[in-house]
>>> print(open('target.cif').read())   # mmCIF, C-alpha atoms; chains and numbers go by the auth columns
data_start
loop_
_atom_site.group_PDB
_atom_site.id
_atom_site.type_symbol
_atom_site.label_atom_id
_atom_site.label_comp_id
_atom_site.label_asym_id
_atom_site.label_seq_id
_atom_site.Cartn_x
_atom_site.Cartn_y
_atom_site.Cartn_z
_atom_site.B_iso_or_equiv
_atom_site.auth_seq_id
_atom_site.auth_asym_id
ATOM 1 C CA GLN A 1 -83.984 -147.600 3.090 0.00 21 D
ATOM 2 C CA VAL A 2 -80.828 -146.057 1.723 0.00 22 D
ATOM 3 C CA GLN A 3 -79.390 -143.022 3.443 0.00 23 D
ATOM 4 C CA LEU A 4 -76.815 -140.637 2.027 0.00 24 D
ATOM 5 C CA VAL A 5 -74.905 -138.442 4.463 0.00 25 D
ATOM 6 C CA GLU A 6 -72.702 -135.620 3.236 0.00 26 D
ATOM 7 C CA SER A 7 -69.882 -134.056 5.215 0.00 27 D
ATOM 8 C CA GLY A 8 -66.881 -131.817 4.728 0.00 28 D
ATOM 9 C CA GLY A 9 -68.506 -128.501 3.952 0.00 29 D
ATOM 10 C CA GLY A 10 -67.487 -125.249 5.556 0.00 30 D
ATOM 11 C CA LEU A 11 -66.136 -121.763 5.079 0.00 31 D
ATOM 12 C CA VAL A 12 -63.075 -121.360 2.884 0.00 32 D
ATOM 13 C CA GLN A 13 -61.283 -118.425 1.298 0.00 33 D
ATOM 14 C CA PRO A 14 -61.171 -117.976 -2.472 0.00 34 D
ATOM 15 C CA GLY A 15 -58.473 -120.185 -3.937 0.00 35 D
ATOM 16 C CA GLY A 16 -58.809 -122.683 -1.117 0.00 36 D
ATOM 17 C CA SER A 17 -59.761 -126.344 -1.146 0.00 37 D
ATOM 18 C CA LEU A 18 -62.312 -128.625 0.467 0.00 38 D
ATOM 19 C CA ARG A 19 -63.113 -132.304 0.200 0.00 39 D
ATOM 20 C CA LEU A 20 -66.708 -133.391 0.505 0.00 40 D
ATOM 21 C CA ALA A 21 -67.680 -136.935 1.390 0.00 41 D
ATOM 22 C CA CYS A 22 -70.945 -138.797 0.846 0.00 42 D
ATOM 23 C CA SER A 23 -71.373 -141.939 2.895 0.00 43 D
ATOM 24 C CA ALA A 24 -74.068 -144.449 1.962 0.00 44 D
ATOM 25 C CA SER A 25 -75.854 -146.713 4.402 0.00 45 D
ATOM 26 C CA ARG A 26 -75.654 -149.656 2.021 0.00 46 D
ATOM 27 C CA SER A 27 -73.383 -150.913 -0.727 0.00 47 D
ATOM 28 C CA ILE A 28 -74.685 -148.682 -3.481 0.00 48 D
ATOM 29 C CA VAL A 29 -71.560 -146.773 -4.455 0.00 49 D
ATOM 30 C CA SER A 30 -70.263 -149.731 -6.457 0.00 50 D
ATOM 31 C CA THR A 31 -73.675 -150.398 -8.008 0.00 51 D
ATOM 32 C CA TYR A 32 -74.970 -147.065 -9.301 0.00 52 D
ATOM 33 C CA THR A 33 -73.783 -143.930 -10.962 0.00 53 D
ATOM 34 C CA MET A 34 -73.302 -141.386 -8.189 0.00 54 D
ATOM 35 C CA GLY A 35 -73.520 -137.646 -8.502 0.00 55 D
ATOM 36 C CA TRP A 36 -72.938 -134.361 -6.745 0.00 56 D
ATOM 37 C CA TYR A 37 -75.325 -131.458 -7.240 0.00 57 D
ATOM 38 C CA ARG A 38 -75.345 -127.981 -5.773 0.00 58 D
ATOM 39 C CA GLN A 39 -77.927 -125.312 -5.134 0.00 59 D
ATOM 40 C CA ALA A 40 -77.168 -121.669 -4.484 0.00 60 D
ATOM 41 C CA PRO A 41 -79.745 -119.400 -2.809 0.00 61 D
ATOM 42 C CA GLY A 42 -82.537 -118.506 -5.215 0.00 62 D
ATOM 43 C CA LYS A 43 -81.222 -120.790 -7.931 0.00 63 D
ATOM 44 C CA GLN A 44 -82.064 -124.241 -9.234 0.00 64 D
ATOM 45 C CA ARG A 45 -80.177 -127.356 -8.230 0.00 65 D
ATOM 46 C CA ASP A 46 -77.460 -128.040 -10.795 0.00 66 D
ATOM 47 C CA LEU A 47 -75.330 -131.045 -11.596 0.00 67 D
ATOM 48 C CA VAL A 48 -71.689 -130.704 -10.558 0.00 68 D
ATOM 49 C CA ALA A 49 -70.158 -134.101 -11.296 0.00 69 D
ATOM 50 C CA THR A 50 -70.972 -137.773 -11.787 0.00 70 D
ATOM 51 C CA ILE A 51 -69.044 -141.017 -11.616 0.00 71 D
ATOM 52 C CA THR A 52 -70.196 -144.294 -13.140 0.00 72 D
ATOM 53 C CA THR A 53 -69.591 -147.780 -11.806 0.00 73 D
ATOM 54 C CA GLY A 54 -66.870 -148.111 -14.424 0.00 74 D
ATOM 55 C CA GLY A 55 -65.152 -145.009 -13.144 0.00 75 D
ATOM 56 C CA SER A 56 -66.078 -142.641 -15.958 0.00 76 D
ATOM 57 C CA THR A 57 -66.536 -139.086 -14.762 0.00 77 D
ATOM 58 C CA ASN A 58 -68.418 -136.080 -16.019 0.00 78 D
ATOM 59 C CA TYR A 59 -68.228 -132.469 -14.841 0.00 79 D
ATOM 60 C CA ALA A 60 -70.095 -129.243 -15.262 0.00 80 D
ATOM 61 C CA ASP A 61 -68.091 -126.817 -17.386 0.00 81 D
ATOM 62 C CA SER A 62 -67.860 -124.396 -14.482 0.00 82 D
ATOM 63 C CA VAL A 63 -65.874 -126.861 -12.337 0.00 83 D
ATOM 64 C CA LYS A 64 -63.766 -128.707 -14.912 0.00 84 D
ATOM 65 C CA GLY A 65 -60.131 -128.708 -13.959 0.00 85 D
ATOM 66 C CA ARG A 66 -60.907 -127.675 -10.382 0.00 86 D
ATOM 67 C CA PHE A 67 -63.125 -130.446 -8.969 0.00 87 D
ATOM 68 C CA THR A 68 -62.524 -134.192 -8.912 0.00 88 D
ATOM 69 C CA ILE A 69 -65.126 -136.842 -8.111 0.00 89 D
ATOM 70 C CA SER A 70 -63.991 -140.230 -6.860 0.00 90 D
ATOM 71 C CA ARG A 71 -65.332 -143.157 -4.900 0.00 91 D
ATOM 72 C CA ASP A 72 -64.204 -145.787 -2.417 0.00 92 D
ATOM 73 C CA ASN A 73 -66.368 -148.871 -2.851 0.00 93 D
ATOM 74 C CA ALA A 74 -65.046 -150.514 0.300 0.00 94 D
ATOM 75 C CA LYS A 75 -66.130 -147.502 2.366 0.00 95 D
ATOM 76 C CA ASN A 76 -69.385 -146.935 0.425 0.00 96 D
ATOM 77 C CA THR A 77 -68.273 -143.341 0.028 0.00 97 D
ATOM 78 C CA VAL A 78 -68.120 -140.845 -2.819 0.00 98 D
ATOM 79 C CA TYR A 79 -65.850 -137.820 -2.623 0.00 99 D
ATOM 80 C CA LEU A 80 -65.726 -134.435 -4.262 0.00 100 D
ATOM 81 C CA GLN A 81 -62.325 -132.789 -4.092 0.00 101 D
ATOM 82 C CA MET A 82 -62.717 -129.071 -4.742 0.00 102 D
ATOM 83 C CA SER A 83 -59.734 -126.854 -5.461 0.00 103 D
ATOM 84 C CA ASN A 84 -59.229 -123.230 -6.454 0.00 104 D
ATOM 85 C CA LEU A 85 -62.633 -122.447 -5.021 0.00 105 D
ATOM 86 C CA LYS A 86 -64.427 -119.315 -6.134 0.00 106 D
ATOM 87 C CA PRO A 87 -67.195 -117.282 -4.481 0.00 107 D
ATOM 88 C CA GLU A 88 -69.595 -118.557 -7.142 0.00 108 D
ATOM 89 C CA ASP A 89 -69.037 -122.092 -5.833 0.00 109 D
ATOM 90 C CA THR A 90 -70.934 -121.113 -2.695 0.00 110 D
ATOM 91 C CA ALA A 91 -73.938 -123.428 -2.404 0.00 111 D
ATOM 92 C CA VAL A 92 -75.414 -126.375 -0.599 0.00 112 D
ATOM 93 C CA TYR A 93 -73.886 -129.523 -2.083 0.00 113 D
ATOM 94 C CA TYR A 94 -75.967 -132.683 -2.361 0.00 114 D
ATOM 95 C CA CYS A 95 -75.092 -136.295 -3.020 0.00 115 D
ATOM 96 C CA TYR A 96 -77.454 -138.173 -5.344 0.00 116 D
ATOM 97 C CA PHE A 97 -78.199 -141.412 -7.114 0.00 117 D
ATOM 98 C CA ARG A 98 -81.109 -143.010 -8.947 0.00 118 D
ATOM 99 C CA ASP A 99 -81.879 -146.693 -8.511 0.00 119 D
ATOM 100 C CA LEU A 100 -83.083 -149.205 -11.099 0.00 120 D
ATOM 101 C CA LEU A 101 -86.713 -148.294 -10.368 0.00 121 D
ATOM 102 C CA ARG A 102 -85.836 -144.681 -11.166 0.00 122 D
ATOM 103 C CA ARG A 103 -86.294 -143.587 -7.577 0.00 123 D
ATOM 104 C CA ASP A 104 -84.147 -140.588 -6.646 0.00 124 D
ATOM 105 C CA TYR A 105 -82.137 -140.461 -3.455 0.00 125 D
ATOM 106 C CA TRP A 106 -80.651 -137.299 -1.990 0.00 126 D
ATOM 107 C CA GLY A 107 -78.546 -136.536 1.016 0.00 127 D
ATOM 108 C CA GLN A 108 -79.377 -133.718 3.404 0.00 128 D
ATOM 109 C CA GLY A 109 -76.753 -131.439 1.891 0.00 129 D
ATOM 110 C CA THR A 110 -73.633 -129.743 3.180 0.00 130 D
ATOM 111 C CA GLN A 111 -73.001 -126.000 3.001 0.00 131 D
ATOM 112 C CA VAL A 112 -69.937 -124.697 1.190 0.00 132 D
ATOM 113 C CA THR A 113 -69.205 -120.989 1.550 0.00 133 D
ATOM 114 C CA VAL A 114 -66.343 -119.356 -0.321 0.00 134 D
ATOM 115 C CA SER A 115 -65.624 -115.919 1.032 0.00 135 D
ATOM 116 C CA SER A 116 -62.769 -113.741 2.199 0.00 136 D
#
>>> encode(input="target.cif", output="structure tokens")
Amino acid sequence: QVQLVESGGGLVQPGGSLRLACSASRSIVSTYTMGWYRQAPGKQRDLVATITTGGSTNYADSVKGRFTISRDNAKNTVYLQMSNLKPEDTAVYYCYFRDLLRRDYWGQGTQVTVSS
């Protein structure tokens, strides 16, 4: 059974930065497209960014130019570098991937709060 564990969330002031990490229990980071999603209170879970096995990235319009997704295959870890954070970035951030059988895997989430 694959486990995804997020870390790196916290409280940050507007304009600040955080780096989230998603560690996988098996070597999946180099095998599947990985993604970060977020869910704010009372809202649906939305895609933030994805990275393919070939390194291609995709971002939600709201985070383009501010967030960067990357991965370290040797560490089985995916990162989300977040800069110039805004209060509207406040949410629980989840790591995600879908395997070849189209089964979805989610981490437990990490809270990011942007507030002065």
>>> closest_residue(input="target.cif", among="D:Gln59, D:Thr97, D:Asn78, D:Thr51", to="D:Thr130", atoms="all atoms listed in the file")
D:Gln59
>>> closest_residue(input="target.cif", among="D:Ile71, D:Cys115, D:Val22, D:Val83", to="D:Trp56", atoms="all atoms listed in the file")
D:Cys115
>>> closest_residue(input="target.cif", among="D:Val25, D:Ala111, D:Val68, D:Leu31", to="D:Tyr125", atoms="only C-alpha atoms")
D:Val25
>>> resolve_selection(input="target.cif", expression="the PyMOL selection byres ((chain D and resi 100-106) around 10)", output="NGL selection string")
:D and (28 or 32-42 or 55-56 or 68-70 or 83 or 85-91 or 98-99 or 107-110 or 113 or 115 or 132-135)
>>> resolve_selection(input="target.cif", expression="the PyMOL selection byres ((chain D and resi 93) around 8)", output="JSON, numbers by chain")
{"D": [47, 49, 50, 91, 92, 94, 95, 96, 97]}
>>> write_last_selection(input="target.cif", atoms="C-alpha atoms", output="compact mmCIF listing (two decimals), in the frame of the given file")
# COMPACT_ATOMS: atom_id res chain seq x y z
CA SER D 47 -73.38 -150.91 -0.73
CA VAL D 49 -71.56 -146.77 -4.46
CA SER D 50 -70.26 -149.73 -6.46
CA ARG D 91 -65.33 -143.16 -4.90
CA ASP D 92 -64.20 -145.79 -2.42
CA ALA D 94 -65.05 -150.51 0.30
CA LYS D 95 -66.13 -147.50 2.37
CA ASN D 96 -69.39 -146.94 0.42
CA THR D 97 -68.27 -143.34 0.03
>>> resolve_selection(input="target.cif", expression="the PyMOL selection byres ((chain D and resi 21) around 9)", output="PyMOL selection string")
chain D and resi 22-23+45-46
>>> atom_distance(input="target.cif", atom1="atom CA of D:Gly30", atom2="atom CA of D:Ser76")
27.7 Å
>>> atom_distance(input="target.cif", atom1="atom CA of D:Gly62", atom2="atom CA of D:Arg118")
24.8 Å
>>> closest_residue(input="target.cif", among="D:Asp124, D:Tyr79, D:Phe117, D:Val112", to="D:Ala60", atoms="all atoms listed in the file")
D:Val112
>>> atom_distance(input="target.cif", atom1="atom CA of D:Asp66", atom2="atom CA of D:Ser136")
24.3 Å
>>> axis_aligned_box(input="target.cif", around="stretch 61-67 of chain D", padding_each_side="3 Å", output="lines of an AutoDock Vina configuration file")
center_x = -78.9
center_y = -124.8
center_z = -7.2
size_x = 13.2
size_y = 18.5
size_z = 14.8
>>> closest_residue(input="target.cif", among="D:Lys63, D:Trp126, D:Leu120, D:Tyr57", to="D:Ala80", atoms="all atoms listed in the file")
D:Tyr57
>>> closest_residue(input="target.cif", among="D:Leu24, D:Ala44, D:Met54, D:Leu121", to="D:Thr72", atoms="all atoms listed in the file")
D:Met54
>>> build_atoms(input="target.cif", residues="stretch 36-64 of chain D", atoms="N, CA and C atoms", output="short mmCIF file (atom, residue, chain, number, x, y, z; two decimals), in the coordinates of the input")
data_model
loop_
_atom_site.label_atom_id
_atom_site.label_comp_id
_atom_site.auth_asym_id
_atom_site.auth_seq_id
_atom_site.Cartn_x
_atom_site.Cartn_y
_atom_site.Cartn_z
N GLY D 36 -59.00 -121.57 -2.04
CA GLY D 36 -58.81 -122.68 -1.12
C GLY D 36 -59.41 -123.99 -1.63
N SER D 37 -59.31 -125.01 -0.78
CA SER D 37 -59.76 -126.34 -1.15
C SER D 37 -60.63 -126.94 -0.04
N LEU D 38 -61.51 -127.83 -0.45
CA LEU D 38 -62.31 -128.62 0.47
C LEU D 38 -62.53 -129.99 -0.16
N ARG D 39 -62.72 -130.99 0.69
CA ARG D 39 -63.11 -132.30 0.20
C ARG D 39 -64.42 -132.71 0.86
N LEU D 40 -65.42 -132.92 0.02
CA LEU D 40 -66.71 -133.39 0.50
C LEU D 40 -66.76 -134.91 0.44
N ALA D 41 -67.49 -135.49 1.37
CA ALA D 41 -67.68 -136.94 1.39
C ALA D 41 -69.16 -137.26 1.47
N CYS D 42 -69.56 -138.30 0.80
CA CYS D 42 -70.94 -138.80 0.85
C CYS D 42 -70.89 -140.26 1.22
N SER D 43 -71.38 -140.57 2.42
CA SER D 43 -71.37 -141.94 2.90
C SER D 43 -72.76 -142.55 2.74
N ALA D 44 -72.80 -143.76 2.18
CA ALA D 44 -74.07 -144.45 1.96
C ALA D 44 -74.27 -145.52 3.02
N SER D 45 -75.54 -145.75 3.35
CA SER D 45 -75.85 -146.71 4.40
C SER D 45 -75.79 -148.15 3.92
N ARG D 46 -75.78 -148.32 2.59
CA ARG D 46 -75.65 -149.66 2.02
C ARG D 46 -74.66 -149.63 0.88
N SER D 47 -74.37 -150.80 0.35
CA SER D 47 -73.38 -150.91 -0.73
C SER D 47 -74.00 -150.49 -2.06
N ILE D 48 -74.12 -149.19 -2.24
CA ILE D 48 -74.68 -148.68 -3.48
C ILE D 48 -73.65 -147.99 -4.34
N VAL D 49 -72.56 -147.56 -3.72
CA VAL D 49 -71.56 -146.77 -4.46
C VAL D 49 -70.98 -147.57 -5.60
N SER D 50 -70.83 -148.89 -5.41
CA SER D 50 -70.26 -149.73 -6.46
C SER D 50 -71.31 -150.21 -7.46
N THR D 51 -72.57 -149.86 -7.21
CA THR D 51 -73.68 -150.40 -8.01
C THR D 51 -74.29 -149.36 -8.94
N TYR D 52 -74.28 -148.10 -8.54
CA TYR D 52 -74.97 -147.06 -9.30
C TYR D 52 -74.05 -145.91 -9.65
N THR D 53 -74.43 -145.21 -10.68
CA THR D 53 -73.78 -143.93 -10.96
C THR D 53 -74.13 -142.96 -9.84
N MET D 54 -73.13 -142.33 -9.29
CA MET D 54 -73.30 -141.39 -8.19
C MET D 54 -73.03 -139.98 -8.69
N GLY D 55 -73.71 -139.02 -8.06
CA GLY D 55 -73.52 -137.65 -8.50
C GLY D 55 -73.49 -136.66 -7.36
N TRP D 56 -72.90 -135.52 -7.64
CA TRP D 56 -72.94 -134.36 -6.74
C TRP D 56 -73.68 -133.24 -7.47
N TYR D 57 -74.59 -132.62 -6.75
CA TYR D 57 -75.32 -131.46 -7.24
C TYR D 57 -75.09 -130.31 -6.25
N ARG D 58 -75.41 -129.11 -6.69
CA ARG D 58 -75.34 -127.98 -5.77
C ARG D 58 -76.48 -127.00 -6.06
N GLN D 59 -76.85 -126.29 -5.01
CA GLN D 59 -77.93 -125.31 -5.13
C GLN D 59 -77.56 -124.06 -4.37
N ALA D 60 -77.44 -122.96 -5.10
CA ALA D 60 -77.17 -121.67 -4.48
C ALA D 60 -78.50 -121.00 -4.14
N PRO D 61 -78.51 -120.06 -3.21
CA PRO D 61 -79.74 -119.40 -2.81
C PRO D 61 -80.47 -118.77 -4.00
N GLY D 62 -81.74 -119.09 -4.15
CA GLY D 62 -82.54 -118.51 -5.22
C GLY D 62 -82.31 -119.11 -6.58
N LYS D 63 -81.52 -120.17 -6.64
CA LYS D 63 -81.22 -120.79 -7.93
C LYS D 63 -81.65 -122.25 -7.93
N GLN D 64 -81.70 -122.84 -9.12
CA GLN D 64 -82.06 -124.24 -9.23
C GLN D 64 -80.90 -125.12 -8.84
#
